[in-house]
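> coords-v4.pdb is the file, holding PDB, C-alpha atoms:
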```pdb
ATOM      1  CA  MET A  14      -9.413  59.903  47.753
ATOM      2  CA  ILE A  15      -9.446  56.154  48.424
ATOM      3  CA  ASN A  16      -6.342  54.300  47.267
ATOM      4  CA  PRO A  17      -7.321  50.698  46.413
ATOM      5  CA  MET A  18      -3.664  49.659  46.629
ATOM      6  CA  GLU A  19      -3.227  50.908  50.195
ATOM      7  CA  LEU A  20      -1.362  48.348  52.340
ATOM      8  CA  THR A  21      -1.319  50.169  55.666
ATOM      9  CA  GLY A  22      -1.615  47.775  58.588
ATOM     10  CA  ARG A  23      -0.606  44.728  56.559
ATOM     11  CA  ASN A  24       2.448  42.559  57.064
ATOM     12  CA  ILE A  25       4.000  41.453  53.773
ATOM     13  CA  LEU A  26       6.659  38.736  53.456
ATOM     14  CA  VAL A  27       8.915  38.971  50.386
ATOM     15  CA  THR A  28      11.513  36.341  49.500
ATOM     16  CA  GLY A  29      14.530  37.201  47.372
ATOM     17  CA  ALA A  30      14.225  40.749  48.682
ATOM     18  CA  ALA A  31      17.859  41.874  48.635
ATOM     19  CA  GLN A  32      17.935  42.940  44.985
ATOM     20  CA  GLY A  33      16.024  43.202  41.734
ATOM     21  CA  ILE A  34      12.285  42.623  41.639
ATOM     22  CA  GLY A  35      12.055  41.426  45.240
ATOM     23  CA  GLU A  36      13.726  44.554  46.552
ATOM     24  CA  ALA A  37      11.515  46.775  44.390
ATOM     25  CA  VAL A  38       8.356  45.021  45.614
ATOM     26  CA  ALA A  39       9.474  45.374  49.230
ATOM     27  CA  ARG A  40      10.173  49.076  48.782
ATOM     28  CA  LEU A  41       6.811  49.767  47.128
ATOM     29  CA  ALA A  42       4.855  47.727  49.684
ATOM     30  CA  HIS A  43       6.621  49.694  52.406
ATOM     31  CA  GLN A  44       5.748  52.983  50.701
ATOM     32  CA  LEU A  45       2.117  51.828  50.533
ATOM     33  CA  GLY A  46       2.122  51.453  54.309
ATOM     34  CA  ALA A  47       2.952  47.813  54.935
ATOM     35  CA  LYS A  48       5.385  46.321  57.381
ATOM     36  CA  VAL A  49       7.753  44.257  55.226
ATOM     37  CA  ILE A  50       9.356  40.980  56.255
ATOM     38  CA  LEU A  51      12.396  40.469  54.057
ATOM     39  CA  ASN A  52      14.113  37.212  53.188
ATOM     40  CA  ASP A  53      17.219  36.559  51.138
ATOM     41  CA  LEU A  54      20.277  34.342  51.214
ATOM     42  CA  ASN A  55      22.560  37.398  51.076
ATOM     43  CA  GLN A  56      22.429  38.767  54.610
ATOM     44  CA  GLU A  57      24.661  41.779  53.925
ATOM     45  CA  LYS A  58      22.482  43.075  51.082
ATOM     46  CA  LEU A  59      19.341  42.228  53.028
ATOM     47  CA  GLU A  60      20.448  44.303  56.002
ATOM     48  CA  SER A  61      21.365  47.166  53.676
ATOM     49  CA  VAL A  62      17.838  47.263  52.240
ATOM     50  CA  ALA A  63      16.326  47.017  55.717
ATOM     51  CA  SER A  64      18.534  49.838  57.002
ATOM     52  CA  ASP A  65      17.479  52.028  54.106
ATOM     53  CA  LEU A  66      13.782  51.371  54.755
ATOM     54  CA  GLY A  67      14.093  52.090  58.472
ATOM     55  CA  GLU A  68      10.910  51.368  60.415
ATOM     56  CA  ARG A  69       8.324  48.622  59.814
ATOM     57  CA  VAL A  70      10.829  46.028  58.600
ATOM     58  CA  GLU A  71      12.374  42.772  59.789
ATOM     59  CA  THR A  72      14.790  40.374  58.095
ATOM     60  CA  HIS A  73      15.333  36.628  57.894
ATOM     61  CA  ALA A  74      18.492  35.499  56.089
ATOM     62  CA  GLY A  75      18.446  31.948  54.746
ATOM     63  CA  SER A  76      17.606  29.676  51.841
ATOM     64  CA  VAL A  77      14.034  28.966  50.727
ATOM     65  CA  ALA A  78      15.313  25.559  49.618
ATOM     66  CA  ASP A  79      15.785  24.674  53.304
ATOM     67  CA  TYR A  80      12.421  23.332  54.482
ATOM     68  CA  ASP A  81      13.171  23.712  58.192
ATOM     69  CA  PHE A  82      14.415  27.282  57.716
ATOM     70  CA  VAL A  83      11.223  28.221  55.860
ATOM     71  CA  GLN A  84       8.993  26.761  58.547
ATOM     72  CA  GLY A  85      10.936  28.625  61.238
ATOM     73  CA  MET A  86      10.952  31.911  59.317
ATOM     74  CA  VAL A  87       7.193  31.919  58.788
ATOM     75  CA  GLN A  88       6.539  31.004  62.414
ATOM     76  CA  GLN A  89       8.898  33.705  63.706
ATOM     77  CA  ALA A  90       7.395  36.316  61.386
ATOM     78  CA  ALA A  91       3.862  35.374  62.421
ATOM     79  CA  ASP A  92       4.820  35.527  66.090
ATOM     80  CA  SER A  93       6.522  38.922  65.802
ATOM     81  CA  CYS A  94       3.906  40.541  63.556
ATOM     82  CA  GLY A  95       0.766  38.778  64.730
ATOM     83  CA  ALA A  96      -0.211  37.796  61.196
ATOM     84  CA  ILE A  97       1.165  37.580  57.679
ATOM     85  CA  HIS A  98      -1.352  39.250  55.359
ATOM     86  CA  GLY A  99       0.555  39.047  52.101
ATOM     87  CA  PHE A 100       3.322  36.935  50.631
ATOM     88  CA  VAL A 101       5.433  37.465  47.512
ATOM     89  CA  ASN A 102       7.030  34.153  46.502
ATOM     90  CA  ASN A 103       9.918  35.644  44.568
ATOM     91  CA  ALA A 104      13.241  33.956  45.434
ATOM     92  CA  GLY A 105      14.930  32.361  42.457
ATOM     93  CA  ILE A 106      18.223  31.584  40.751
ATOM     94  CA  VAL A 107      19.446  30.994  37.190
ATOM     95  CA  ARG A 108      21.930  28.310  36.181
ATOM     96  CA  ALA A 109      22.136  28.227  32.391
ATOM     97  CA  ALA A 110      23.052  25.300  30.137
ATOM     98  CA  MET A 111      21.668  23.785  26.961
ATOM     99  CA  ALA A 112      19.373  20.829  27.619
ATOM    100  CA  LYS A 113      21.706  18.209  26.106
ATOM    101  CA  ASN A 114      24.604  19.400  28.257
ATOM    102  CA  MET A 115      22.880  20.187  31.540
ATOM    103  CA  THR A 116      24.293  18.317  34.513
ATOM    104  CA  LYS A 117      22.161  16.763  37.196
ATOM    105  CA  GLU A 118      23.565  19.287  39.681
ATOM    106  CA  THR A 119      22.687  22.285  37.478
ATOM    107  CA  TRP A 120      19.172  20.953  36.957
ATOM    108  CA  GLN A 121      18.606  20.208  40.629
ATOM    109  CA  SER A 122      19.959  23.486  41.994
ATOM    110  CA  VAL A 123      17.341  25.499  40.107
ATOM    111  CA  ILE A 124      14.500  23.083  40.851
ATOM    112  CA  ASP A 125      15.430  23.132  44.556
ATOM    113  CA  VAL A 126      15.120  26.925  44.825
ATOM    114  CA  ASN A 127      12.650  27.941  42.119
ATOM    115  CA  LEU A 128      10.132  25.123  42.490
ATOM    116  CA  SER A 129      10.638  23.175  45.718
ATOM    117  CA  GLY A 130      11.547  26.370  47.583
ATOM    118  CA  ALA A 131       8.501  28.105  46.131
ATOM    119  CA  PHE A 132       6.320  25.242  47.356
ATOM    120  CA  TYR A 133       7.889  25.179  50.835
ATOM    121  CA  CYS A 134       7.166  28.896  51.245
ATOM    122  CA  LEU A 135       3.691  28.681  49.737
ATOM    123  CA  GLN A 136       2.799  25.794  52.030
ATOM    124  CA  ALA A 137       4.161  27.398  55.209
ATOM    125  CA  VAL A 138       2.474  30.750  54.591
ATOM    126  CA  GLY A 139      -0.731  29.036  53.495
ATOM    127  CA  GLN A 140      -0.811  26.946  56.670
ATOM    128  CA  HIS A 141      -0.435  30.096  58.746
ATOM    129  CA  MET A 142      -3.115  32.003  56.848
ATOM    130  CA  LEU A 143      -5.622  29.148  56.984
ATOM    131  CA  LYS A 144      -5.032  28.682  60.711
ATOM    132  CA  ARG A 145      -5.579  32.332  61.594
ATOM    133  CA  ILE A 146      -8.704  32.476  59.414
ATOM    134  CA  GLU A 147      -9.984  29.318  61.115
ATOM    135  CA  ASP A 148      -9.364  31.072  64.442
ATOM    136  CA  GLY A 149     -11.589  33.965  63.388
ATOM    137  CA  ASP A 150      -9.066  36.434  61.942
ATOM    138  CA  THR A 151     -10.677  37.666  58.724
ATOM    139  CA  SER A 152      -7.947  40.159  57.759
ATOM    140  CA  PRO A 153      -6.634  39.874  54.173
ATOM    141  CA  ALA A 154      -4.668  36.867  52.957
ATOM    142  CA  ALA A 155      -3.021  37.175  49.546
ATOM    143  CA  ILE A 156      -0.201  35.221  47.921
ATOM    144  CA  VAL A 157       1.607  36.263  44.735
ATOM    145  CA  ASN A 158       3.860  33.678  43.110
ATOM    146  CA  ILE A 159       6.503  35.056  40.749
ATOM    147  CA  SER A 160       6.692  33.079  37.519
ATOM    148  CA  SER A 161       8.088  33.949  34.089
ATOM    149  CA  ASP A 162       7.362  33.854  30.382
ATOM    150  CA  ALA A 163       9.891  31.028  30.387
ATOM    151  CA  GLY A 164       7.240  28.935  32.141
ATOM    152  CA  ARG A 165       4.699  29.587  29.395
ATOM    153  CA  ARG A 166       6.807  29.621  26.216
ATOM    154  CA  GLY A 167       9.961  27.767  27.192
ATOM    155  CA  THR A 168      13.452  29.195  27.037
ATOM    156  CA  ILE A 169      16.676  28.316  25.239
ATOM    157  CA  GLY A 170      19.545  27.416  27.540
ATOM    158  CA  GLN A 171      17.450  27.384  30.715
ATOM    159  CA  ILE A 172      15.289  24.277  30.600
ATOM    160  CA  ASN A 173      15.583  23.950  34.385
ATOM    161  CA  TYR A 174      14.332  27.504  34.895
ATOM    162  CA  GLY A 175      11.502  27.084  32.381
ATOM    163  CA  ALA A 176      10.365  23.840  33.994
ATOM    164  CA  ALA A 177      10.419  25.383  37.468
ATOM    165  CA  LYS A 178       8.511  28.496  36.414
ATOM    166  CA  SER A 179       5.915  26.383  34.618
ATOM    167  CA  GLY A 180       5.550  24.434  37.842
ATOM    168  CA  VAL A 181       4.915  27.669  39.721
ATOM    169  CA  LEU A 182       1.827  28.207  37.553
ATOM    170  CA  GLY A 183       0.588  24.807  38.695
ATOM    171  CA  LEU A 184       1.250  25.733  42.316
ATOM    172  CA  THR A 185      -0.821  28.880  41.848
ATOM    173  CA  MET A 186      -3.843  27.182  40.302
ATOM    174  CA  SER A 187      -3.889  24.256  42.722
ATOM    175  CA  ALA A 188      -3.473  26.402  45.842
ATOM    176  CA  ALA A 189      -6.143  28.816  44.589
ATOM    177  CA  ARG A 190      -8.603  25.955  44.100
ATOM    178  CA  GLU A 191      -7.893  24.595  47.585
ATOM    179  CA  TRP A 192      -7.692  27.816  49.603
ATOM    180  CA  SER A 193      -9.730  30.575  47.949
ATOM    181  CA  GLN A 194     -12.984  29.350  49.486
ATOM    182  CA  PHE A 195     -11.444  30.086  52.897
ATOM    183  CA  GLY A 196     -10.378  33.609  51.968
ATOM    184  CA  VAL A 197      -6.790  33.036  50.796
ATOM    185  CA  ARG A 198      -6.237  34.440  47.307
ATOM    186  CA  VAL A 199      -3.376  33.004  45.214
ATOM    187  CA  ASN A 200      -2.219  34.534  41.927
ATOM    188  CA  SER A 201       0.943  34.602  39.871
ATOM    189  CA  VAL A 202       2.787  37.244  37.879
ATOM    190  CA  LEU A 203       4.765  36.287  34.788
ATOM    191  CA  PHE A 204       7.567  38.663  33.913
ATOM    192  CA  GLY A 205       9.330  39.097  30.605
ATOM    193  CA  ALA A 206      12.515  41.131  30.236
ATOM    194  CA  VAL A 207      13.265  43.066  33.423
ATOM    195  CA  GLU A 208      16.584  44.825  34.049
ATOM    196  CA  THR A 209      17.975  42.824  36.988
ATOM    197  CA  PRO A 210      21.250  41.032  37.832
ATOM    198  CA  MET A 211      19.599  37.728  36.791
ATOM    199  CA  THR A 212      18.939  38.974  33.249
ATOM    200  CA  GLU A 213      22.358  40.406  32.449
ATOM    201  CA  VAL A 214      23.113  37.684  29.869
ATOM    202  CA  ILE A 215      19.883  37.859  27.855
ATOM    203  CA  LEU A 216      20.002  41.669  27.913
ATOM    204  CA  SER A 217      23.617  41.818  26.747
ATOM    205  CA  ASP A 218      24.502  43.239  23.320
ATOM    206  CA  LYS A 219      24.622  39.702  21.895
ATOM    207  CA  PHE A 220      20.926  39.024  22.519
ATOM    208  CA  ARG A 221      19.266  42.417  23.086
ATOM    209  CA  ASP A 222      18.294  43.232  19.472
ATOM    210  CA  GLY A 223      16.675  39.832  18.938
ATOM    211  CA  LEU A 224      14.750  40.155  22.192
ATOM    212  CA  MET A 225      13.569  43.694  21.432
ATOM    213  CA  ALA A 226      12.175  42.519  18.102
ATOM    214  CA  GLN A 227       9.770  40.250  20.021
ATOM    215  CA  ILE A 228       8.505  42.903  22.460
ATOM    216  CA  PRO A 229       5.810  45.206  21.006
ATOM    217  CA  MET A 230       6.670  47.953  23.518
ATOM    218  CA  ASN A 231      10.297  47.707  22.302
ATOM    219  CA  ARG A 232      11.936  48.084  25.705
ATOM    220  CA  VAL A 233      12.721  46.186  28.864
ATOM    221  CA  ALA A 234      11.072  46.946  32.200
ATOM    222  CA  THR A 235      12.582  48.242  35.418
ATOM    223  CA  PRO A 236      12.085  46.451  38.754
ATOM    224  CA  ALA A 237      10.244  49.497  40.135
ATOM    225  CA  GLU A 238       7.838  49.386  37.186
ATOM    226  CA  VAL A 239       6.934  45.713  37.531
ATOM    227  CA  SER A 240       6.583  45.886  41.312
ATOM    228  CA  LYS A 241       3.277  47.724  40.888
ATOM    229  CA  PRO A 242       1.221  44.804  39.497
ATOM    230  CA  VAL A 243       2.564  42.621  42.303
ATOM    231  CA  CYS A 244       1.443  45.059  44.981
ATOM    232  CA  PHE A 245      -1.895  45.408  43.197
ATOM    233  CA  LEU A 246      -2.482  41.660  43.608
ATOM    234  CA  LEU A 247      -1.680  41.998  47.322
ATOM    235  CA  SER A 248      -4.211  44.797  47.722
ATOM    236  CA  GLU A 249      -7.974  45.155  47.943
ATOM    237  CA  GLY A 250      -7.911  46.284  44.324
ATOM    238  CA  ALA A 251      -7.588  42.596  43.434
ATOM    239  CA  SER A 252     -10.057  41.298  46.029
ATOM    240  CA  TYR A 253     -11.961  39.179  43.482
ATOM    241  CA  MET A 254      -8.928  37.770  41.679
ATOM    242  CA  THR A 255      -7.539  34.317  42.396
ATOM    243  CA  GLY A 256      -5.874  31.548  40.415
ATOM    244  CA  GLN A 257      -4.823  34.000  37.714
ATOM    245  CA  HIS A 258      -1.587  34.387  35.744
ATOM    246  CA  VAL A 259      -0.916  38.066  35.068
ATOM    247  CA  SER A 260       1.614  38.708  32.276
ATOM    248  CA  VAL A 261       3.777  41.802  32.701
ATOM    249  CA  ASN A 262       5.999  41.713  29.626
ATOM    250  CA  GLY A 263       5.445  44.597  27.213
ATOM    251  CA  GLY A 264       3.256  42.435  24.993
ATOM    252  CA  TYR A 265       5.760  39.616  24.498
ATOM    253  CA  THR A 266       3.101  36.909  24.813
ATOM    254  CA  ILE A 267       0.207  38.567  22.958
ATOM    255  CA  GLY A 268      -1.997  35.757  21.723
ATOM    256  CA  VAL A 269      -0.403  33.111  23.948
TER     257      VAL A 269
END
```
What do you get writing this file as structure tokens?

Amino acid sequence: MINPMELTGRNILVTGAAQGIGEAVARLAHQLGAKVILNDLNQEKLESVASDLGERVETHAGSVADYDFVQGMVQQAADSCGAIHGFVNNAGIVRAAMAKNMTKETWQSVIDVNLSGAFYCLQAVGQHMLKRIEDGDTSPAAIVNISSDAGRRGTIGQINYGAAKSGVLGLTMSAAREWSQFGVRVNSVLFGAVETPMTEVILSDKFRDGLMAQIPMNRVATPAEVSKPVCFLLSEGASYMTGQHVSVNGGYTIGV
């Protein structure tokens, strides 16, 4: 039986891959046959994931907010693998504060990673994909940007995060309009409540009941569960999808 999500023979770069959603995506892509190129700032956790996966894996520890690092990482990965076929633009941080109290530093730290870092990675991978396609390599080229419901509906106490994730939607649509005609597909996934270290506060007893009341499925998701739509967008199953925002949130944004 043909598996439309098969990723055998593809090289997939995942940022923020040492924990949470990024780790789950990397593990599933690996199970689907891909070689995974893992990035994270936490080298110890990154190496632990890589060791657990075993073969068909390489790591690059560093910050996506560092433009020169990103350029070097993509070049090294392309050189070692021959081509990057898929990219999951996942790295992100949370620094919470109410809008009236947010410091410049708190604002900028999230924008640097979640928006500027997302652009640096998108640009570097896109440049590589366009160049290899121009050189005659017609193998798949798919980018999945990780956004959030916070970028569509706003969020209390995280105006920096909401602004950055809204910006990621703009990155997706603009890159899709520029690159899809050349064979590079660009989509985004918007997550709601997922059980990860970054969501510990909003999923605490103080906020959980109020959040559950807004989710028709009445539960939060696991990283393993939400990794599947991401890998779908990397695969041939989504070969005619580009510039789309796919909500994976238990119905939280029905009608939005």
> Apply the PyMOL selection byres ((chain A and resi 37-44) around 7) to the displayed file and report the matching residues as an MDAnalysis selection string.
chainID A and resid 20 27 30 33:36 45:49 236:237 240 244
> Using only C-alpha atoms, which residues sit within 8 Å of stretch 185-196 of chain A once same-chain residues fewer than 2 positions away are excluded, as a VMD selection string?
chain A and resid 143 146 151 153 to 154 158 181 to 183 198 to 201 255 to 257
> Could you write out as JSON, numbers by chain the residues that the PyMOL selection byres ((chain A and resi 245) around 10) matches in the shown file?
{"A": [17, 18, 19, 20, 42, 157, 240, 241, 242, 243, 244, 246, 247, 248, 249, 250, 251, 252]}
> Write to file, as a PDB file, in the coordinates of the input, the residues of the selection just made, with C-alpha atoms.

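This is the output file part.pdb:
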```
ATOM      1  CA  PRO A  17      -7.321  50.698  46.413  1.00  0.00           C
ATOM      2  CA  MET A  18      -3.664  49.659  46.629  1.00  0.00           C
ATOM      3  CA  GLU A  19      -3.227  50.908  50.195  1.00  0.00           C
ATOM      4  CA  LEU A  20      -1.362  48.348  52.340  1.00  0.00           C
ATOM      5  CA  ALA A  42       4.855  47.727  49.684  1.00  0.00           C
ATOM      6  CA  VAL A 157       1.607  36.263  44.735  1.00  0.00           C
ATOM      7  CA  SER A 240       6.583  45.886  41.312  1.00  0.00           C
ATOM      8  CA  LYS A 241       3.277  47.724  40.888  1.00  0.00           C
ATOM      9  CA  PRO A 242       1.221  44.804  39.497  1.00  0.00           C
ATOM     10  CA  VAL A 243       2.564  42.621  42.303  1.00  0.00           C
ATOM     11  CA  CYS A 244       1.443  45.059  44.981  1.00  0.00           C
ATOM     12  CA  LEU A 246      -2.482  41.660  43.608  1.00  0.00           C
ATOM     13  CA  LEU A 247      -1.680  41.998  47.322  1.00  0.00           C
ATOM     14  CA  SER A 248      -4.211  44.797  47.722  1.00  0.00           C
ATOM     15  CA  GLU A 249      -7.974  45.155  47.943  1.00  0.00           C
ATOM     16  CA  GLY A 250      -7.911  46.284  44.324  1.00  0.00           C
ATOM     17  CA  ALA A 251      -7.588  42.596  43.434  1.00  0.00           C
ATOM     18  CA  SER A 252     -10.057  41.298  46.029  1.00  0.00           C
TER      19      SER A 252
END
```
> Given the file above and the PyMOL selection byres ((chain A and resi 81-95) around 12), which residues are selected, and can you give them as a ChimeraX atom specification?
/A:22-28,47-54,69-80,96-100,102,126,129-142,144-145,150,152
> Distance cut-off 9 Å, centre (6.4, 46.7, 26.4) in file coordinates, counting all atoms listed in the file: which residues qualify? Return them as an NGL selection string.
:A and (228-234 or 261-265)
> Write a file of the just-selected residues containing C-alpha atoms, as a PDB file, in the frame of the given file.

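Output below, filename again_10.pdb:
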```
ATOM      1  CA  ILE A 228       8.505  42.903  22.460  1.00  0.00           C
ATOM      2  CA  PRO A 229       5.810  45.206  21.006  1.00  0.00           C
ATOM      3  CA  MET A 230       6.670  47.953  23.518  1.00  0.00           C
ATOM      4  CA  ASN A 231      10.297  47.707  22.302  1.00  0.00           C
ATOM      5  CA  ARG A 232      11.936  48.084  25.705  1.00  0.00           C
ATOM      6  CA  VAL A 233      12.721  46.186  28.864  1.00  0.00           C
ATOM      7  CA  ALA A 234      11.072  46.946  32.200  1.00  0.00           C
ATOM      8  CA  VAL A 261       3.777  41.802  32.701  1.00  0.00           C
ATOM      9  CA  ASN A 262       5.999  41.713  29.626  1.00  0.00           C
ATOM     10  CA  GLY A 263       5.445  44.597  27.213  1.00  0.00           C
ATOM     11  CA  GLY A 264       3.256  42.435  24.993  1.00  0.00           C
ATOM     12  CA  TYR A 265       5.760  39.616  24.498  1.00  0.00           C
TER      13      TYR A 265
END
```
> Restore N, CA and C atoms in stretch 18-36 of chain A and list the result as a short mmCIF file (atom, residue, chain, number, x, y, z; two decimals), in the coordinates of the input.

```cif
data_model
loop_
_atom_site.label_atom_id
_atom_site.label_comp_id
_atom_site.auth_asym_id
_atom_site.auth_seq_id
_atom_site.Cartn_x
_atom_site.Cartn_y
_atom_site.Cartn_z
N MET A 18 -4.90 50.41 46.43
CA MET A 18 -3.66 49.66 46.63
C MET A 18 -3.04 49.91 48.00
N GLU A 19 -3.73 50.62 48.85
CA GLU A 19 -3.23 50.91 50.20
C GLU A 19 -2.93 49.61 50.94
N LEU A 20 -1.76 49.55 51.59
CA LEU A 20 -1.36 48.35 52.34
C LEU A 20 -1.09 48.66 53.81
N THR A 21 -1.54 49.79 54.28
CA THR A 21 -1.32 50.17 55.67
C THR A 21 -1.93 49.13 56.61
N GLY A 22 -1.14 48.75 57.61
CA GLY A 22 -1.62 47.78 58.59
C GLY A 22 -1.40 46.33 58.18
N ARG A 23 -0.84 46.10 57.01
CA ARG A 23 -0.61 44.73 56.56
C ARG A 23 0.87 44.36 56.71
N ASN A 24 1.09 43.10 56.95
CA ASN A 24 2.45 42.56 57.06
C ASN A 24 2.71 41.71 55.83
N ILE A 25 3.73 42.08 55.06
CA ILE A 25 4.00 41.45 53.77
C ILE A 25 5.38 40.79 53.80
N LEU A 26 5.41 39.49 53.55
CA LEU A 26 6.66 38.74 53.46
C LEU A 26 7.10 38.67 52.00
N VAL A 27 8.36 39.01 51.74
CA VAL A 27 8.91 38.97 50.39
C VAL A 27 10.21 38.17 50.41
N THR A 28 10.27 37.11 49.61
CA THR A 28 11.51 36.34 49.50
C THR A 28 12.34 36.87 48.33
N GLY A 29 13.65 36.65 48.40
CA GLY A 29 14.53 37.20 47.37
C GLY A 29 14.48 38.71 47.36
N ALA A 30 14.50 39.32 48.54
CA ALA A 30 14.22 40.75 48.68
C ALA A 30 15.46 41.63 48.72
N ALA A 31 16.64 41.07 48.50
CA ALA A 31 17.86 41.87 48.64
C ALA A 31 18.24 42.61 47.36
N GLN A 32 17.60 42.28 46.23
CA GLN A 32 17.93 42.94 44.98
C GLN A 32 16.81 42.74 43.97
N GLY A 33 16.92 43.42 42.86
CA GLY A 33 16.02 43.20 41.73
C GLY A 33 14.56 43.40 42.04
N ILE A 34 13.73 42.51 41.51
CA ILE A 34 12.28 42.62 41.64
C ILE A 34 11.85 42.51 43.10
N GLY A 35 12.44 41.59 43.84
CA GLY A 35 12.06 41.43 45.24
C GLY A 35 12.30 42.68 46.05
N GLU A 36 13.43 43.31 45.85
CA GLU A 36 13.73 44.55 46.55
C GLU A 36 12.74 45.64 46.16
#
```
